[in-house]
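What follows is the content of final-v4.cif, which has mmCIF, C-alpha atoms:
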data_data
loop_
_atom_site.label_atom_id
_atom_site.label_comp_id
_atom_site.auth_asym_id
_atom_site.auth_seq_id
_atom_site.Cartn_x
_atom_site.Cartn_y
_atom_site.Cartn_z
CA MET R 296 -35.41 11.74 9.50
CA LEU R 297 -33.35 9.57 7.21
CA LYS R 298 -32.22 6.27 8.65
CA LEU R 299 -29.62 4.08 7.04
CA ARG R 300 -29.58 0.38 7.57
CA PRO R 301 -26.14 -1.15 8.19
CA GLU R 302 -26.21 -2.73 4.72
CA GLN R 303 -26.85 0.66 3.11
CA PHE R 304 -24.08 2.28 5.11
CA GLU R 305 -21.71 -0.51 4.04
CA VAL R 306 -22.54 0.15 0.37
CA PHE R 307 -21.78 3.85 0.85
CA GLN R 308 -18.53 3.00 2.65
CA GLU R 309 -17.41 0.64 -0.12
CA GLN R 310 -18.16 3.27 -2.76
CA ALA R 311 -16.23 5.90 -0.81
CA GLU R 312 -13.28 3.50 -0.51
CA ARG R 313 -13.31 2.79 -4.27
CA GLU R 314 -13.39 6.51 -5.02
CA PHE R 315 -10.51 7.16 -2.60
CA VAL R 316 -8.43 4.42 -4.26
CA GLN R 317 -9.14 5.89 -7.68
CA GLN R 318 -8.27 9.44 -6.57
CA LEU R 319 -5.06 8.24 -4.93
CA GLN R 320 -4.17 6.23 -8.03
CA HIS R 321 -4.56 9.26 -10.29
CA SER R 322 -2.69 11.51 -7.88
CA LEU R 323 0.26 9.10 -7.55
CA ALA R 324 0.36 8.47 -11.31
CA GLU R 325 0.52 12.19 -11.95
CA LYS R 326 3.11 12.90 -9.27
CA TYR R 327 5.30 9.86 -10.10
CA PRO R 328 4.95 9.40 -13.87
CA ASN R 329 7.75 6.82 -14.06
CA ASP R 330 6.09 4.41 -11.65
CA LEU R 331 2.36 3.61 -11.75
CA PRO R 332 1.74 4.71 -15.35
CA CYS R 333 4.03 1.88 -16.48
CA PHE R 334 1.14 -0.49 -15.71
CA PRO R 335 -2.38 -0.78 -17.13
CA ASP R 336 -5.15 0.87 -15.14
CA ALA R 337 -6.37 -2.33 -13.45
CA ILE R 338 -2.85 -3.19 -12.25
CA GLN R 339 -2.31 0.38 -11.01
CA ASN R 340 -5.56 0.07 -9.09
CA GLN R 341 -4.45 -3.17 -7.42
CA ILE R 342 -1.05 -1.69 -6.53
CA VAL R 343 -2.76 1.24 -4.81
CA ILE R 344 -5.07 -1.15 -2.96
CA ASN R 345 -1.97 -3.09 -1.84
CA MET R 346 -0.37 0.14 -0.60
CA ILE R 347 -3.45 1.08 1.36
CA THR R 348 -3.73 -2.42 2.81
CA ARG R 349 -0.12 -2.30 3.97
CA ALA R 350 -0.74 1.07 5.63
CA LYS R 351 -3.88 -0.23 7.28
CA SER R 352 -1.94 -3.19 8.66
CA TRP R 353 -0.22 -0.61 10.88
CA GLY R 354 -3.60 0.75 12.01
CA ILE R 355 -3.51 3.77 9.71
CA THR R 356 -7.04 4.84 8.80
CA TRP R 357 -7.07 8.55 8.02
CA GLN R 358 -7.04 9.22 4.30
CA SER R 359 -4.37 11.89 4.71
CA SER R 360 -2.11 9.41 6.53
CA LEU R 361 -2.82 6.70 3.95
CA VAL R 362 -1.72 9.12 1.22
CA ILE R 363 1.53 9.89 3.07
CA PHE R 364 2.23 6.17 3.53
CA ALA R 365 1.60 5.47 -0.17
CA GLU R 366 3.81 8.38 -1.23
CA LEU R 367 6.63 7.11 0.99
CA MET R 368 6.25 3.67 -0.61
CA ILE R 369 6.93 5.25 -4.00
CA ALA R 370 9.31 8.09 -3.09
CA ILE R 371 11.50 6.19 -0.61
CA ALA R 372 10.91 2.43 -0.86
CA PRO R 373 7.89 0.12 -1.03
CA ASN R 374 9.22 -1.58 2.11
CA PHE R 375 10.32 1.59 3.95
CA ASP R 376 8.32 0.45 6.98
CA GLU R 377 10.63 -2.53 7.49
CA GLN R 378 13.42 -0.28 8.81
CA THR R 379 13.65 -0.76 12.58
CA GLU R 380 13.37 2.93 13.49
CA ILE R 381 10.40 3.46 11.20
CA ARG R 382 8.70 0.27 12.36
CA ASP R 383 9.24 1.33 15.98
CA ALA R 384 7.75 4.76 15.28
CA LEU R 385 4.66 3.16 13.72
CA LYS R 386 4.28 0.65 16.56
CA ASN R 387 5.10 3.14 19.33
CA ASP R 388 1.55 4.33 19.92
CA THR R 389 -1.08 2.56 17.85
CA LYS R 390 -3.75 5.00 19.04
CA GLN R 391 -1.78 7.88 17.54
CA VAL R 392 -0.44 6.13 14.42
CA ASN R 393 -2.39 8.42 12.08
CA GLN R 394 -0.87 11.47 13.74
CA ILE R 395 2.58 9.86 13.83
CA MET R 396 2.35 9.17 10.10
CA LYS R 397 1.81 12.87 9.42
CA THR R 398 5.13 13.79 11.08
CA ILE R 399 7.17 10.61 10.65
CA THR R 400 9.72 12.22 8.35
CA ASP R 401 10.51 14.74 11.12
CA HIS R 402 11.08 12.03 13.75
CA VAL R 403 13.14 9.50 11.82
CA PRO R 404 16.75 10.46 10.97
CA GLU R 405 17.71 11.02 7.35
CA THR R 406 20.21 8.16 7.57
CA VAL R 407 17.31 5.75 8.19
CA TRP R 408 15.43 7.03 5.14
CA ALA R 409 18.62 6.66 3.08
CA LYS R 410 19.01 3.08 4.34
CA ALA R 411 15.37 2.35 3.47
CA GLU R 412 15.96 3.66 -0.04
CA ALA R 413 19.18 1.67 -0.42
CA THR R 414 17.45 -1.56 0.63
CA ALA R 415 14.27 -1.00 -1.37
CA ASP R 416 12.25 -4.05 -2.32
CA ASP R 417 9.32 -3.70 -4.74
CA LEU R 418 7.49 -6.81 -3.55
CA PRO R 419 5.08 -4.89 -1.23
CA LEU R 420 3.63 -3.05 -4.22
CA PHE R 421 2.50 -6.32 -5.73
CA LEU R 422 1.57 -8.13 -2.54
CA ASN R 423 -2.06 -9.00 -1.94
CA ALA R 424 -3.31 -8.35 1.60
CA ASP R 425 -3.88 -12.07 2.20
CA TYR R 426 -0.14 -12.64 1.89
CA LEU R 427 1.31 -9.97 4.20
CA ASP R 428 2.39 -12.60 6.75
CA ALA R 429 3.00 -15.46 4.31
CA SER R 430 6.34 -17.06 3.49
CA LEU R 431 8.53 -15.36 0.90
CA ILE R 432 7.77 -18.07 -1.66
CA ASP R 433 4.01 -17.62 -1.18
CA GLN R 434 4.39 -13.85 -1.34
CA THR R 435 6.35 -14.18 -4.57
CA ILE R 436 3.77 -16.51 -6.09
CA SER R 437 1.05 -14.05 -5.10
CA ALA R 438 2.90 -11.12 -6.69
CA ILE R 439 3.79 -12.72 -10.01
CA PRO R 440 0.45 -12.05 -11.77
CA LEU R 441 0.82 -8.30 -11.11
CA VAL R 442 4.53 -8.09 -11.83
CA LEU R 443 4.25 -10.08 -15.04
CA TRP R 444 0.79 -8.85 -16.02
CA ASP R 445 1.78 -8.78 -19.68
CA LYS R 446 3.18 -12.32 -19.68
CA MET R 447 0.69 -14.24 -17.53
CA ALA R 448 -0.81 -16.13 -20.44
CA GLU R 449 2.60 -17.68 -20.97
CA ILE R 450 3.65 -18.29 -17.39
CA ASP R 451 2.53 -20.54 -14.59
CA ALA R 452 3.15 -18.41 -11.47
CA GLN R 453 3.80 -21.26 -9.09
CA GLN R 454 6.29 -22.97 -11.38
CA SER R 455 8.13 -19.67 -11.97
CA ALA R 456 8.48 -18.92 -8.28
CA LYS R 457 9.89 -22.36 -7.48
CA SER R 458 12.49 -22.21 -10.28
#
For the file at hand, write its structure as structure tokens.
Amino acid sequence: MLKLRPEQFEVFQEQAEREFVQQLQHSLAEKYPNDLPCFPDAIQNQIVINMITRAKSWGITWQSSLVIFAELMIAIAPNFDEQTEIRDALKNDTKQVNQIMKTITDHVPETVWAKAEATADDLPLFLNADYLDASLIDQTISAIPLVLWDKMAEIDAQQSAKS
């Protein structure tokens, strides 16, 4: 019988997570060629990690539900989950949030999705997990290196955000 030590299982889990991120990155880049492919591979990877982290902050864990969340972040708005009705649907039953995510478009009126799209904010795509609950200035400072990936040698992120 094969026995895995917790450390070994953790290594397998981390590898599986990296592979999932990479698969999702390629899938999103192919499906939405005007979005992720505008960035270098490493930045695309971090954006996808940020998307997954945001989904997980709602308790979403199933890969299929994580994919749906990420697709909604691109197709509707990176901050779609800030709409009251959507937020309420995600918070309604945290034990069933993975299942809710699979049918959320059926349970939230089209007017709410239109409002989410009209009030889209790209910041969540570039927001590191450590800054989800931070002030807007700290979130902006955190996001600048990804947003301005091609200019970072010339820019001091903190100074830019405070200007």
(Q) What's around Glu366 in chain R at 12 Å? Count all atoms listed in the file, leave out sequence neighbours fewer than 2 positions away in its own chain, and write the answer as an MDAnalysis selection string. (A) chainID R and resid 319:320 322:327 330:331 343 346:347 350 359:364 368:375 396:397 400 420
Q. Could you state the separation of CA of Ala424 in chain R and CA of Asp383 in chain R in Å, given to one decimal place?
A.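 Separation between CA of Ala424 in chain R and CA of Asp383 in chain R: 21.4 Å.
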Q | Between CA of Ile381 in chain R and CA of Pro419 in chain R, distance in Å (one decimal) | A |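 Straight-line distance from CA of Ile381 in chain R to CA of Pro419 in chain R works out to 15.9 Å.
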Q: Would you mind reading off the distance between CA of Ile355 in chain R and CA of Cys333 in chain R, one decimal, in Å?
A: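 CA of Cys333 in chain R lies at a distance of 27.3 Å from CA of Ile355 in chain R.
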Q.
Given only C-alpha atoms as the basis, pick out the residue of R:Gln310, R:Ser352, R:Gln358, R:Asn345 nearest to Asp428 in chain R.
A. R:Ser352
Q: Have a look at R:Gln341, R:Ser430, R:Thr379, R:Gln394 and name the one nearest to Lys410 in chain R; count only C-alpha atoms.
A: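 Among the listed residues, the smallest separation from Lys410 in chain R belongs to R:Thr379.
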Taking the structure in the block just given, could you write range 352-387 of chain R with N, CA and C atoms, as a PDB file, in the first residue's frame?
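Written output follows (out28.pdb):
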ATOM      1  N   SER R 352     -12.204  33.572  -2.386  1.00  0.00           N
ATOM      2  CA  SER R 352     -12.592  34.407  -1.247  1.00  0.00           C
ATOM      3  C   SER R 352     -14.091  34.282  -0.953  1.00  0.00           C
ATOM      4  N   TRP R 353     -14.850  33.809  -1.925  1.00  0.00           N
ATOM      5  CA  TRP R 353     -16.276  33.537  -1.737  1.00  0.00           C
ATOM      6  C   TRP R 353     -16.522  32.102  -1.259  1.00  0.00           C
ATOM      7  N   GLY R 354     -15.463  31.314  -1.168  1.00  0.00           N
ATOM      8  CA  GLY R 354     -15.606  29.919  -0.762  1.00  0.00           C
ATOM      9  C   GLY R 354     -15.711  28.962  -1.932  1.00  0.00           C
ATOM     10  N   ILE R 355     -15.517  29.453  -3.128  1.00  0.00           N
ATOM     11  CA  ILE R 355     -15.600  28.617  -4.329  1.00  0.00           C
ATOM     12  C   ILE R 355     -14.344  27.760  -4.404  1.00  0.00           C
ATOM     13  N   THR R 356     -14.525  26.461  -4.584  1.00  0.00           N
ATOM     14  CA  THR R 356     -13.389  25.546  -4.609  1.00  0.00           C
ATOM     15  C   THR R 356     -13.405  24.598  -5.808  1.00  0.00           C
ATOM     16  N   TRP R 357     -14.564  24.290  -6.338  1.00  0.00           N
ATOM     17  CA  TRP R 357     -14.615  23.372  -7.473  1.00  0.00           C
ATOM     18  C   TRP R 357     -13.978  24.032  -8.686  1.00  0.00           C
ATOM     19  N   GLN R 358     -13.184  23.280  -9.412  1.00  0.00           N
ATOM     20  CA  GLN R 358     -12.549  23.841 -10.597  1.00  0.00           C
ATOM     21  C   GLN R 358     -13.575  24.347 -11.598  1.00  0.00           C
ATOM     22  N   SER R 359     -14.653  23.607 -11.784  1.00  0.00           N
ATOM     23  CA  SER R 359     -15.678  24.045 -12.742  1.00  0.00           C
ATOM     24  C   SER R 359     -16.286  25.380 -12.327  1.00  0.00           C
ATOM     25  N   SER R 360     -16.492  25.588 -11.042  1.00  0.00           N
ATOM     26  CA  SER R 360     -17.045  26.855 -10.551  1.00  0.00           C
ATOM     27  C   SER R 360     -16.010  27.975 -10.620  1.00  0.00           C
ATOM     28  N   LEU R 361     -14.748  27.647 -10.399  1.00  0.00           N
ATOM     29  CA  LEU R 361     -13.674  28.639 -10.537  1.00  0.00           C
ATOM     30  C   LEU R 361     -13.583  29.123 -11.982  1.00  0.00           C
ATOM     31  N   VAL R 362     -13.755  28.210 -12.924  1.00  0.00           N
ATOM     32  CA  VAL R 362     -13.720  28.571 -14.347  1.00  0.00           C
ATOM     33  C   VAL R 362     -14.871  29.519 -14.669  1.00  0.00           C
ATOM     34  N   ILE R 363     -16.061  29.208 -14.191  1.00  0.00           N
ATOM     35  CA  ILE R 363     -17.224  30.069 -14.440  1.00  0.00           C
ATOM     36  C   ILE R 363     -16.976  31.457 -13.871  1.00  0.00           C
ATOM     37  N   PHE R 364     -16.474  31.529 -12.650  1.00  0.00           N
ATOM     38  CA  PHE R 364     -16.199  32.818 -12.013  1.00  0.00           C
ATOM     39  C   PHE R 364     -15.206  33.615 -12.852  1.00  0.00           C
ATOM     40  N   ALA R 365     -14.125  32.977 -13.276  1.00  0.00           N
ATOM     41  CA  ALA R 365     -13.106  33.658 -14.082  1.00  0.00           C
ATOM     42  C   ALA R 365     -13.692  34.132 -15.411  1.00  0.00           C
ATOM     43  N   GLU R 366     -14.505  33.308 -16.036  1.00  0.00           N
ATOM     44  CA  GLU R 366     -15.120  33.710 -17.303  1.00  0.00           C
ATOM     45  C   GLU R 366     -16.039  34.904 -17.110  1.00  0.00           C
ATOM     46  N   LEU R 367     -16.782  34.938 -16.007  1.00  0.00           N
ATOM     47  CA  LEU R 367     -17.650  36.082 -15.738  1.00  0.00           C
ATOM     48  C   LEU R 367     -16.828  37.344 -15.490  1.00  0.00           C
ATOM     49  N   MET R 368     -15.651  37.179 -14.881  1.00  0.00           N
ATOM     50  CA  MET R 368     -14.776  38.337 -14.658  1.00  0.00           C
ATOM     51  C   MET R 368     -14.332  38.950 -15.979  1.00  0.00           C
ATOM     52  N   ILE R 369     -14.151  38.117 -16.993  1.00  0.00           N
ATOM     53  CA  ILE R 369     -13.741  38.642 -18.305  1.00  0.00           C
ATOM     54  C   ILE R 369     -14.955  39.041 -19.140  1.00  0.00           C
ATOM     55  N   ALA R 370     -15.954  38.184 -19.212  1.00  0.00           N
ATOM     56  CA  ALA R 370     -17.095  38.416 -20.101  1.00  0.00           C
ATOM     57  C   ALA R 370     -18.020  39.529 -19.618  1.00  0.00           C
ATOM     58  N   ILE R 371     -18.198  39.652 -18.311  1.00  0.00           N
ATOM     59  CA  ILE R 371     -19.119  40.655 -17.769  1.00  0.00           C
ATOM     60  C   ILE R 371     -18.335  41.830 -17.192  1.00  0.00           C
ATOM     61  N   ALA R 372     -17.617  41.576 -16.103  1.00  0.00           N
ATOM     62  CA  ALA R 372     -16.834  42.631 -15.442  1.00  0.00           C
ATOM     63  C   ALA R 372     -15.948  41.980 -14.389  1.00  0.00           C
ATOM     64  N   PRO R 373     -14.713  42.445 -14.258  1.00  0.00           N
ATOM     65  CA  PRO R 373     -13.826  41.885 -13.247  1.00  0.00           C
ATOM     66  C   PRO R 373     -14.379  42.020 -11.821  1.00  0.00           C
ATOM     67  N   ASN R 374     -15.253  42.987 -11.618  1.00  0.00           N
ATOM     68  CA  ASN R 374     -15.850  43.203 -10.301  1.00  0.00           C
ATOM     69  C   ASN R 374     -17.339  42.864 -10.291  1.00  0.00           C
ATOM     70  N   PHE R 375     -17.769  41.944 -11.153  1.00  0.00           N
ATOM     71  CA  PHE R 375     -19.188  41.595 -11.250  1.00  0.00           C
ATOM     72  C   PHE R 375     -19.769  41.198  -9.901  1.00  0.00           C
ATOM     73  N   ASP R 376     -18.936  40.623  -9.049  1.00  0.00           N
ATOM     74  CA  ASP R 376     -19.407  40.119  -7.755  1.00  0.00           C
ATOM     75  C   ASP R 376     -19.672  41.227  -6.738  1.00  0.00           C
ATOM     76  N   GLU R 377     -19.437  42.469  -7.108  1.00  0.00           N
ATOM     77  CA  GLU R 377     -19.725  43.586  -6.220  1.00  0.00           C
ATOM     78  C   GLU R 377     -21.174  44.049  -6.326  1.00  0.00           C
ATOM     79  N   GLN R 378     -21.892  43.599  -7.351  1.00  0.00           N
ATOM     80  CA  GLN R 378     -23.311  43.930  -7.470  1.00  0.00           C
ATOM     81  C   GLN R 378     -24.078  43.259  -6.326  1.00  0.00           C
ATOM     82  N   THR R 379     -24.957  44.002  -5.703  1.00  0.00           N
ATOM     83  CA  THR R 379     -25.660  43.523  -4.506  1.00  0.00           C
ATOM     84  C   THR R 379     -26.333  42.175  -4.724  1.00  0.00           C
ATOM     85  N   GLU R 380     -27.074  42.029  -5.809  1.00  0.00           N
ATOM     86  CA  GLU R 380     -27.812  40.785  -6.048  1.00  0.00           C
ATOM     87  C   GLU R 380     -26.873  39.606  -6.259  1.00  0.00           C
ATOM     88  N   ILE R 381     -25.767  39.849  -6.930  1.00  0.00           N
ATOM     89  CA  ILE R 381     -24.791  38.779  -7.167  1.00  0.00           C
ATOM     90  C   ILE R 381     -24.081  38.433  -5.867  1.00  0.00           C
ATOM     91  N   ARG R 382     -23.670  39.462  -5.138  1.00  0.00           N
ATOM     92  CA  ARG R 382     -23.012  39.256  -3.840  1.00  0.00           C
ATOM     93  C   ARG R 382     -23.940  38.476  -2.906  1.00  0.00           C
ATOM     94  N   ASP R 383     -25.217  38.843  -2.883  1.00  0.00           N
ATOM     95  CA  ASP R 383     -26.176  38.146  -2.029  1.00  0.00           C
ATOM     96  C   ASP R 383     -26.327  36.686  -2.441  1.00  0.00           C
ATOM     97  N   ALA R 384     -26.333  36.425  -3.741  1.00  0.00           N
ATOM     98  CA  ALA R 384     -26.439  35.041  -4.221  1.00  0.00           C
ATOM     99  C   ALA R 384     -25.224  34.222  -3.788  1.00  0.00           C
ATOM    100  N   LEU R 385     -24.048  34.837  -3.843  1.00  0.00           N
ATOM    101  CA  LEU R 385     -22.822  34.126  -3.454  1.00  0.00           C
ATOM    102  C   LEU R 385     -22.747  33.911  -1.941  1.00  0.00           C
ATOM    103  N   LYS R 386     -23.293  34.852  -1.175  1.00  0.00           N
ATOM    104  CA  LYS R 386     -23.246  34.751   0.286  1.00  0.00           C
ATOM    105  C   LYS R 386     -24.434  33.970   0.850  1.00  0.00           C
ATOM    106  N   ASN R 387     -25.449  33.749   0.049  1.00  0.00           N
ATOM    107  CA  ASN R 387     -26.692  33.146   0.510  1.00  0.00           C
ATOM    108  C   ASN R 387     -26.491  31.817   1.239  1.00  0.00           C
TER     109      ASN R 387
END
